[in-house]
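Notes for the one structure printed next.
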Amino acid sequence: MSAVVAIAKKELLTYFRSPIAYIIIIVMMAIFNIFFFMIADDNRETSLQEVFQVMEFMFVFVLPIMTMRLLAEEKSTGTMEFLMTAPISNSAIVLGKYLGMLALFSVLIATTLVYYAIVEYFGRPDRMTLLSGYVGIWLEGAFFIAVGLLASSWTRHQIVAAMMSYSMLFLLYFSHSVTPYFSGTAKSVVLYLSTRTHLDHFVAGIITAADVVYYLSGIVVCLILTRLSLENRLWH
Amino acid sequence: MNIKYLPLIVGLAMLTVLLGAATWYVTQHFSAAVIALLLVGGSLLLLSAFSRGQHSVSQRFIPAWGRRLVIIMVVFGAGILWSGTNYLANNHSPRWDVTAYQLHTLSPATIEYVSALEHSVQLTAFYVGQPPQYLRDVFKEYERISAGLISTEIVDPIADIGYAAKFGNLVSGSEHKVIVQSEGVRKDVDFSEAALSEIDLTHAIASVTRAPTKACFLAGHGEYSLLNEENSGLSIYAQLLEANNIRTRELMLGVVGVVPEDCDLVVVAAAANDLTAQEAAAMNTYLDAGGDALFFIEQATAAGHNSALNAILNYWGFAIQDDIVVDLNSHVGGDVGSPATKNYGRHKAITEGLDYTFYVHPRSIRILDQRRTSIKYAPIVSTASLANSWAEIDRGVEPVFDERVDTPGPVPIAYVMFEEKTAGEASDTRIIVFTDIDFLTNVYIQQYSNAQMGLNITNWLAATDAPVYLNEKSIQVNRLDLTSIERRQVLAILVCIPLFFAIAGVMVWLRLRRY
């Protein structure tokens, strides 16, 4: 466990000792802030439902860029061999890398709590619905990071990792849009696979076991497959 | 895990998965057994794959076939695990509505009614500008519960003036309306003054999907009035019936001579004055022919005061006693003569799910020994207490139970009667008798389950299934109306936060650059 924490800590410090974390946070905050102001000005409600939907859309594009270097960089620079031969398990490497990026993502989400502070100060928001929305967007980001980590484990090229990550996330995110071309069980399956279906429930204030299981099982499966990829050097 | 058991475990895993797949193929259904087999198989595959991987790494030798086998097993096992857990979660998923106003939780009465719809219903909301979130959420929930029979749309009548024109004159910016349509029937629900309520929407859906029934209220004998909006009136009761598609009208039996055919039910709302012999005969003729009636008897107009009315009740086996029902344990307003009770007879359509109801100075009812054997009776409301309630004969003094003359509790306050007719005869006769009507007056109807009781008995007599009475659920739109100063404050906060991170980043960069 200490190895996991050490790797996660090292990852997180790497981000904050370089411009990466600051640039990501500043750019994302700037975009989110613009949308928050526009939506609040237009709707005049304390609901953050549409803000969460914008955040989800942005994460589809941003998280692959954030996660592409996680393992691919180690391989391209040759430090992967050191990491693999160190007395730490492959599971610890995977978990450490994952938790490091998740911590950065959590900081990013935490900065958006200012929206809650604003609607709380100037209005009377439905707190539980907002909390449910935050849980949903955090789980979705955690899932996207797991997908990005998996893609990063398949190649030594960061751009290729990002492209593979985009492919998977686009399929998951936009599958919602192709449901009119399906019917019956196939339609239900496609709808279920879509991340939008699940986040919509959270941001509307509905929490279902199916939505939680969708994200958690997705994260677990991605981490298992990442470990498999590391163990079998699938990038070779 | 010992490596020598690995082939056995892999074999077992494959067999389990195969068995699960075969069971699914045969039954064409993902039963719990199928899911369990697939999950066990998947888990075993994953376990053996990791065990194989660890063992090979420790020996620094991984043959190509072994690696491929491990990869296939892990991918296969993970896929099965993911599918199985998600299938189980999706099919047995608890659901929590955490919103403050329970926006995604319709009442059981609405769910029961909407999920049993047989015809499609279109809900068209007209809302100028950005529709509030709650409206979209409520519409989504109706769509979900109706399994596709309810379709919804929100139209901005200013932006889409051509489409709005098809529904009439709806271009006012302040007018908010939902038009409910089904099978060519339309009902408008206005929510310009307050948020759209589930009560209004469900009642509107009920009114366009049900054939209306008619309740005729006997008039001309000093009955409680449907039009009276004062405390002693029945105007709220009348509105409730209208909302449930039960039309009400007055019946001047002395003028028309017979109960009209379009009356599905006759209500005698505590007639203060005597019915004429002709009116009593007309009532009995109607009831003999399979008509249905609801009798409310008030203290001042009961036995001994209204002979014709009592004669009708006696004919059908009821005797209203000249007493007053008291309950020392369960009553309202400190008046032992106003018993509150949940002691109901079992009747799915009338008493199921009811909370307390209370009655003001009711009398007891006795079933006459001399009655037709074809008639079935059941008390539907009795006093709550066994030992401390009774029907008091001597109403002039402090109530004290006298076992020689008083009727011990629990005392029946209301009875239901049912006479089944043989095939070829008229329809069955249904009668309900309550020895109080105050519980349905404007001042009391919205307390406890009084309204629900009033609606249930009327619905049952009018043979309308699925009554829809909903408790008021107020929804407030959580507004964020910012003044110009507040807007500037928000803008300043939103600009400052990214700048704060920019400054922090520059400081860290400068500090690291120095070293």
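Residues are referred to by chain and number: the chain letter is A, B, ... according to the order shown in the structure tokens, the number counts from 1 in that chain, and ligands are numbered separately from 1 in the order shown.
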Provide as a VMD selection string the residues of chain B at most 8 Å from chain A, counting only C-alpha atoms.
-> chain B and resid 53 67 71 74 to 75 78 to 79 82 85 to 86 89 to 90 93 to 100 104 130 132 to 133 137 477 to 482 490 to 491 494 to 495 497 to 499 501 to 502 505 508 to 509 512
What is the distance between CA of Phe182 (chain A) and CA of Gly148 (chain B), in Å to one decimal?
->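 Answer for the CA of Phe182 (chain A) to CA of Gly148 (chain B) separation: 15.9 Å.
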All strand (DSSP E or B) positions in region 153-354 of chain B, as a ChimeraX atom specification = /B:153-155,177-182,185-190,213-218,246-251,265-269,292-296,318-320,324-327,331-332,335-341,343-344
What residues in region 316-476 of chain B get the DSSP label helix (DSSP H, G or I)? Please answer as an mmCIF file with N, CA, C and O atoms, in the first residue's frame.
```
data_model
loop_
_atom_site.group_PDB
_atom_site.id
_atom_site.type_symbol
_atom_site.label_atom_id
_atom_site.label_comp_id
_atom_site.auth_asym_id
_atom_site.auth_seq_id
_atom_site.Cartn_x
_atom_site.Cartn_y
_atom_site.Cartn_z
ATOM 1 N N ASP B 438 -70.113 15.892 8.243
ATOM 2 C CA ASP B 438 -69.198 16.993 8.562
ATOM 3 C C ASP B 438 -67.769 16.693 8.127
ATOM 4 O O ASP B 438 -67.015 17.606 7.802
ATOM 5 N N PHE B 439 -67.386 15.425 8.136
ATOM 6 C CA PHE B 439 -65.998 15.102 7.783
ATOM 7 C C PHE B 439 -65.670 15.461 6.336
ATOM 8 O O PHE B 439 -64.493 15.551 5.967
ATOM 9 N N LEU B 440 -66.704 15.688 5.513
ATOM 10 C CA LEU B 440 -66.452 16.074 4.117
ATOM 11 C C LEU B 440 -66.715 17.556 3.856
ATOM 12 O O LEU B 440 -66.621 18.007 2.714
ATOM 13 N N ASN B 450 -59.661 12.241 5.424
ATOM 14 C CA ASN B 450 -61.081 12.459 5.159
ATOM 15 C C ASN B 450 -61.384 12.564 3.665
ATOM 16 O O ASN B 450 -62.332 11.961 3.165
ATOM 17 N N ALA B 451 -60.547 13.348 2.950
ATOM 18 C CA ALA B 451 -60.797 13.536 1.519
ATOM 19 C C ALA B 451 -60.655 12.214 0.775
ATOM 20 O O ALA B 451 -61.456 11.890 -0.114
ATOM 21 N N GLN B 452 -59.634 11.456 1.139
ATOM 22 C CA GLN B 452 -59.405 10.171 0.476
ATOM 23 C C GLN B 452 -60.605 9.245 0.698
ATOM 24 O O GLN B 452 -61.055 8.559 -0.213
ATOM 25 N N MET B 453 -61.127 9.251 1.937
ATOM 26 C CA MET B 453 -62.294 8.418 2.234
ATOM 27 C C MET B 453 -63.483 8.856 1.381
ATOM 28 O O MET B 453 -64.175 8.033 0.771
ATOM 29 N N GLY B 454 -63.720 10.169 1.318
ATOM 30 C CA GLY B 454 -64.844 10.688 0.540
ATOM 31 C C GLY B 454 -64.723 10.314 -0.923
ATOM 32 O O GLY B 454 -65.708 9.918 -1.574
ATOM 33 N N LEU B 455 -63.515 10.413 -1.439
ATOM 34 C CA LEU B 455 -63.289 10.080 -2.852
ATOM 35 C C LEU B 455 -63.441 8.576 -3.084
ATOM 36 O O LEU B 455 -64.054 8.143 -4.067
ATOM 37 N N ASN B 456 -62.892 7.786 -2.177
ATOM 38 C CA ASN B 456 -62.946 6.325 -2.344
ATOM 39 C C ASN B 456 -64.381 5.801 -2.368
ATOM 40 O O ASN B 456 -64.730 4.964 -3.210
ATOM 41 N N ILE B 457 -65.205 6.289 -1.437
ATOM 42 C CA ILE B 457 -66.569 5.754 -1.390
ATOM 43 C C ILE B 457 -67.350 6.179 -2.629
ATOM 44 O O ILE B 457 -68.109 5.397 -3.194
ATOM 45 N N THR B 458 -67.119 7.407 -3.080
ATOM 46 C CA THR B 458 -67.837 7.874 -4.268
ATOM 47 C C THR B 458 -67.390 7.106 -5.507
ATOM 48 O O THR B 458 -68.209 6.713 -6.343
ATOM 49 N N ASN B 459 -66.087 6.898 -5.590
ATOM 50 C CA ASN B 459 -65.558 6.153 -6.735
ATOM 51 C C ASN B 459 -66.082 4.723 -6.774
ATOM 52 O O ASN B 459 -66.427 4.211 -7.826
ATOM 53 N N TRP B 460 -66.138 4.104 -5.618
ATOM 54 C CA TRP B 460 -66.575 2.707 -5.598
ATOM 55 C C TRP B 460 -68.038 2.598 -6.011
ATOM 56 O O TRP B 460 -68.432 1.717 -6.762
ATOM 57 N N LEU B 461 -68.831 3.535 -5.510
ATOM 58 C CA LEU B 461 -70.252 3.505 -5.859
ATOM 59 C C LEU B 461 -70.467 3.839 -7.334
ATOM 60 O O LEU B 461 -71.331 3.279 -7.987
#
```
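Take CA of Thr351 (chain B) and CA of Tyr448 (chain B): the distance between them is 13.3 Å.
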One decimal, Å: what's the distance from CA of His29 (chain B) over to CA of Leu172 (chain A), could you say?
->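 For CA of His29 (chain B) relative to CA of Leu172 (chain A), the distance reads 26.0 Å.
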Exercise: Ser207 (chain B) partners within 6 Å, only C-alpha atoms, chain neighbours under 3 positions left out, as a ChimeraX atom specification = /B:204,210,245
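Each of A:Leu63, A:Thr79, A:Glu56, A:Asn90 was checked against Ala3 (chain A) using only C-alpha atoms; the smallest atom-to-atom distance is that of A:Asn90.
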Contact residues around region 364-372 of chain B with only C-alpha atoms at 8 Å, ignoring same-chain residues under 3 positions, as a list in words | Asn314, Tyr315, Trp316, Gly317, Phe318, Ala319, Ile320, Gln321, Asp322, Asp323, Ile324, Val325, Ile375, Ala391, Val411, Pro412, Ile413, Ala414, Tyr415 and Thr435 of chain B
